[in-house]
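Comments concern the structure below.
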Amino acid sequence: MSQWDDTSEAFVNPLDTGRAAPNVLCVGASEAAADHTAAEIERHGDGLDLDVAVGVSAALDGLGDVDCIVADHDLGEATGCDLLAAVRDEAETLPVVLLVEDGDEETAAAAVNAGADGYVRTGPDGDPSPYARVAECVGDVVDRDRSRAEHEEAARLLTQLTSYTVDALWMFSADWSELVFINSAYEDIFGEPMESIIGAPQSFVEAVHPEDRQRVMETMQAVSEGEARQLEFRVNPDEDYRRWVSVHAEPTRDEDGAIEHVAGFTRDVTRRKKRERALEEYKDELERSNQSLKEFAYIASHDLQEPLRMVSSYVDLLEQEYGDRLDDEAEEYMTYATEGAQRMKEMINSLLEYSRVHSEAGATEPVDAGAVFEDARQNLELLIEERDATVLAEDLPTVEADPDQLGQVFQNLVKNAIEHADEGDPPRVEVSATAGEDVHEFAVADDGPGIEAGQEENIFEIFSKGSRREDGEGTGIGLAITKRIVERHGGDIWVESTEGEGATFRFSLPSAVGTQETRT
Amino acid sequence: MTAKQGEPVEILLAEDNPGDVQLTEKALEQGKIVNNLHVAEDGVEAMRFLRQEGEYADSPRPDLMLLDLNMPRMDGQEVLEEMDEDAVLRRIPVVVLTSSEAEEDIVQSYELNANAYLTKPVDFDGFMEVIESIEEFWLAVVKLPPE
């Protein structure tokens, strides 16, 4: 069932309740005349509540619950037309049926002119069964009156209801030429007065951004031809068309399935659009900046290779060809030059590696962290043996990750723990995990010297001194790469440490939940 | 191929950096293969040498070419493209020397008509190893049956 059907039912339903039998007031010149009319109507009509009144003033006193008046033309001192006029003053829409003496064409004409809702001719040459006609006439006029009242009430409720919504709700004829309904939200959204759309139903198109008009008109055409459509466009010339609206439009059909109306709503989505645009711009900016970082890292590392090669190769050649002619001091100088060049080479390679975290990122998939950890541990076998290290892991959960990069994270953290252990003190590294609903948290704990207070964040920076060993081993980029990988996966990494009492690196990764988008 | 082991191998080095030229000379001196090294300092000179134009009229046809990618006037990629269009030059084995592994990744993706890609190492010992691998490559080439 369409949205519109739901809505239409909702505001028609309450009016169906409480239909009582119509109250009919029979007015005559005398009680006998009035009773006679009432008795005759009762004989011919079903479901009518009949009451009587004598004369105009009595009739006017009893108007309270009356749905229809049936009056003789002859009311003694007054006529039915007089009564009609008096009733119109009191109750403008109350139906009045006049009984006109046969042959009195003048009176009949006067009754119609005065606005009688019906008249019935009595007498020998009048209607063959005048009271059956009266009963029928009463039923007709009551129905007519009631449905008019119901329409008015429906319109009132609809207006009241729709005045509470900030969406513009509307209904047009199938070809958009006539406006059936629109609520006042239109004024605010389109920046146009209600009068203009009521006077010229298609004038709203002029409040649409000129660049969007074509799309809007094509959509209107499609809805007229029977399609349900949704469209977003800009409106409101007063605000330089900065308002974005989202429109849902559907055709409504009559019982035979023919398109009767087009209806829908127009919602102001400017804030959402602004957010989307800001997000889009931020994303573009981020991509640009990532791209330039990648290019910078590539150019820097690539272009640095050549001068570096000149330095270290020619120091080597000096050593080879003139080594026997150099004294100890010169030898020492050359050692510094060689070591500096070697160190620079490592830094350049690290920089390249860092810039590749994003450019060579694979898609994420559910990964058994335990298996990935085992591979990483095997890659470090040499280092572990050399330092007589103990590397243990609990059962590790399945996470959503790029397996190669997750392996790099484990490898970097374990390697970092072993390399930073005090010389001659066999390091112990323990890896564990706490499973959460959306994220799993991993911990890599060591019993090394810990991290100097205040350095907990610096160690994740590229080439940070804090992550470098005093003997110059390592380039100080392993943790920066690790952080970059974890963040690329939508996780977080931090370290908890007390100087002299080891350090625990903790990082979070999304738990595996079927397919998930790759974050880049 | 006309060169035999023992006879000098004619090698053309296209390289604009004099430091690299000298390193190559040194490394080849220390290598196992007797060779004549000819040097072209950019792609245009290299093509003139290959086509024996002007002062290169009497130059030998190289048995092996060592090609740097980054050169002024005409770079290594353009040299490879021109060589590929020439039925004779196309048959000269070419070893491309790159400045970094990153550059090697990129040039490989162009699928240039080169026989090997080697990254110039930063120290002289590494450079010697590269020259040795070029010599091995060369020995493998001369063992191939003539086309």
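Going by the structure tokens order, chains are called A, B, ..., each with residues numbered from 1, while ligands are numbered from 1 in the order shown.
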Skipping near chain neighbours, those fewer than 6 positions away, what residues fall within 9 Å of stretch 249-261 of chain A using only C-alpha atoms, listed as a compact mmCIF listing (two decimals) with C-alpha atoms, in the first residue's frame?
# COMPACT_ATOMS: atom_id res chain seq x y z
CA SER A 2 1.37 3.38 -0.90
CA TRP A 4 -0.63 8.20 0.23
CA ASP A 5 -3.35 5.62 0.79
CA MET A 171 -1.79 17.24 -4.48
CA PHE A 172 -2.29 18.38 -8.04
CA SER A 173 -4.49 17.27 -10.88
CA ALA A 174 -2.84 14.54 -12.96
CA ASP A 175 -1.48 17.08 -15.46
CA TRP A 176 -0.31 19.52 -12.75
CA VAL A 180 -5.95 20.36 -5.14
CA THR A 219 10.03 14.22 -13.32
CA MET A 220 6.61 15.91 -13.27
CA VAL A 223 4.71 11.10 -12.50
CA SER A 224 1.81 12.25 -14.70
CA GLU A 225 2.47 9.16 -16.80
CA GLY A 226 2.20 6.89 -13.78
CA GLU A 227 5.66 6.60 -12.25
CA ALA A 228 6.54 7.18 -8.61
CA ARG A 229 9.60 9.39 -8.46
CA GLN A 230 12.06 10.87 -6.03
CA LEU A 231 14.19 13.87 -6.87
**Request:** Assign secondary structure with DSSP using the backbone only, and return the residues of stretch 187-401 of chain A in alpha helix (DSSP H) as a ChimeraX atom specification.
**Result:** /A:187-190,194-199,210-224,270-322,328-359,369-379,381-386
**Message:** Taking only C-alpha atoms into account and nothing else, which residues of chain B lie no more than 7 Å away from chain A? Please answer as a PyMOL selection string.
**Reply:** chain B and resi 19+99-100+121-124
Write out, as an mmCIF file, in the first residue's frame, the residues just selected, with N, CA and C atoms.
data_model
loop_
_atom_site.group_PDB
_atom_site.id
_atom_site.type_symbol
_atom_site.label_atom_id
_atom_site.label_comp_id
_atom_site.auth_asym_id
_atom_site.auth_seq_id
_atom_site.Cartn_x
_atom_site.Cartn_y
_atom_site.Cartn_z
ATOM 1 N N GLY B 19 79.818 10.739 -12.162
ATOM 2 C CA GLY B 19 80.134 9.904 -11.006
ATOM 3 C C GLY B 19 79.764 8.459 -11.280
ATOM 4 N N SER B 99 67.478 4.314 -10.406
ATOM 5 C CA SER B 99 68.035 4.919 -9.192
ATOM 6 C C SER B 99 67.425 4.357 -7.924
ATOM 7 N N SER B 100 66.214 3.820 -7.996
ATOM 8 C CA SER B 100 65.601 3.272 -6.794
ATOM 9 C C SER B 100 64.675 2.139 -7.187
ATOM 10 N N PRO B 121 72.922 0.227 -6.572
ATOM 11 C CA PRO B 121 73.012 0.205 -5.112
ATOM 12 C C PRO B 121 73.768 1.432 -4.609
ATOM 13 N N VAL B 122 73.615 1.709 -3.302
ATOM 14 C CA VAL B 122 74.213 2.945 -2.799
ATOM 15 C C VAL B 122 75.712 2.840 -2.541
ATOM 16 N N ASP B 123 76.225 1.618 -2.319
ATOM 17 C CA ASP B 123 77.658 1.556 -2.036
ATOM 18 C C ASP B 123 78.427 0.831 -3.148
ATOM 19 N N PHE B 124 79.742 0.945 -3.103
ATOM 20 C CA PHE B 124 80.531 0.418 -4.212
ATOM 21 C C PHE B 124 80.485 -1.105 -4.268
#
**Message:** I need the residue nearest A:Asn113 from this list: A:Tyr322, A:Asp89, A:Glu456, A:Cys81. Use only C-alpha atoms for the distance.
**Reply:** A:Cys81
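Using only C-alpha atoms, the residues found no farther than 9 Å from stretch 96-98 of chain A, other than those of its own chain fewer than 3 positions away, are Cys68, Ile69, Val70, Ala71, Asp72, His73, Gly80, Cys81, Leu84, Val87, Thr93, Ala108, Ala111, Gly115, Ala116, Asp117, Gly118, Tyr119, Val120, Arg121, Val134, Cys137, Val138 and Val141 of chain A.
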**Expected answer as a VMD selection string: strand (DSSP E) residues in stretch 402-501 of chain A** = chain A and resid 428 to 434 439 to 446 493 to 497
Using 10 Å as the limit and counting only C-alpha atoms, can you tabulate each residue of stretch 28-48 of chain B that touches stretch 10-15 of chain B, with its shortest atom-to-atom distance in Å and the two atoms involved, as a tab-separated table?
residue	atom	partner	partner_atom	distance
B:Val34	CA	B:Glu10	CA	9.1
B:Asn35	CA	B:Glu10	CA	5.8
B:Asn36	CA	B:Glu10	CA	4.9
B:Leu37	CA	B:Ile11	CA	4.9
B:His38	CA	B:Leu12	CA	4.7
B:Val39	CA	B:Leu13	CA	4.8
B:Ala40	CA	B:Ala14	CA	4.7
B:Glu41	CA	B:Glu15	CA	5.1
B:Asp42	CA	B:Ala14	CA	6.0
B:Gly43	CA	B:Ala14	CA	6.8
B:Val44	CA	B:Ala14	CA	9.6
B:Glu45	CA	B:Ala14	CA	8.2
B:Ala46	CA	B:Ala14	CA	6.0
B:Met47	CA	B:Ala14	CA	9.5
**Selection: 10 Å around A:Ala32, only C-alpha atoms, excl. self and same-chain fewer than 4 positions, as a PyMOL selection string** = chain A and resi 28+36-38+52+54
Would you output that residue set with C-alpha atoms, as an mmCIF file, in the first residue's frame?
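Just written: out.cif:
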data_model
loop_
_atom_site.group_PDB
_atom_site.id
_atom_site.type_symbol
_atom_site.label_atom_id
_atom_site.label_comp_id
_atom_site.auth_asym_id
_atom_site.auth_seq_id
_atom_site.Cartn_x
_atom_site.Cartn_y
_atom_site.Cartn_z
ATOM 1 C CA GLY A 28 -47.013 24.078 9.623
ATOM 2 C CA HIS A 36 -50.013 15.738 9.150
ATOM 3 C CA THR A 37 -46.795 16.477 7.285
ATOM 4 C CA ALA A 38 -44.806 14.523 9.841
ATOM 5 C CA VAL A 52 -42.969 19.446 14.622
ATOM 6 C CA VAL A 54 -46.004 25.665 14.534
#
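Distance-wise, atom CA of B:Pro18 and atom CA of B:Thr119 end up 17.5 Å apart.
The spacing separating atom CA of A:His489 from atom CA of A:Lys415 amounts to 21.1 Å.
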**Request:** Determine, counting only C-alpha atoms, which protein, DNA and RNA residues have an atom within 9 Å of an atom of B:Asn115; residues of the same chain fewer than 2 positions away are not included. Present the result as a PyMOL selection string.
**Result:** chain B and resi 93-96+112-113+117
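Atom CA of A:Glu206 sits 10.9 Å away from atom CA of A:Tyr241.
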**Complete:** Residue with the minimum atom-to-atom distance to B:Leu28, picked from B:Val79, B:Leu66, B:Leu118, B:Ala57 with only C-alpha atoms counted, is B:Leu66
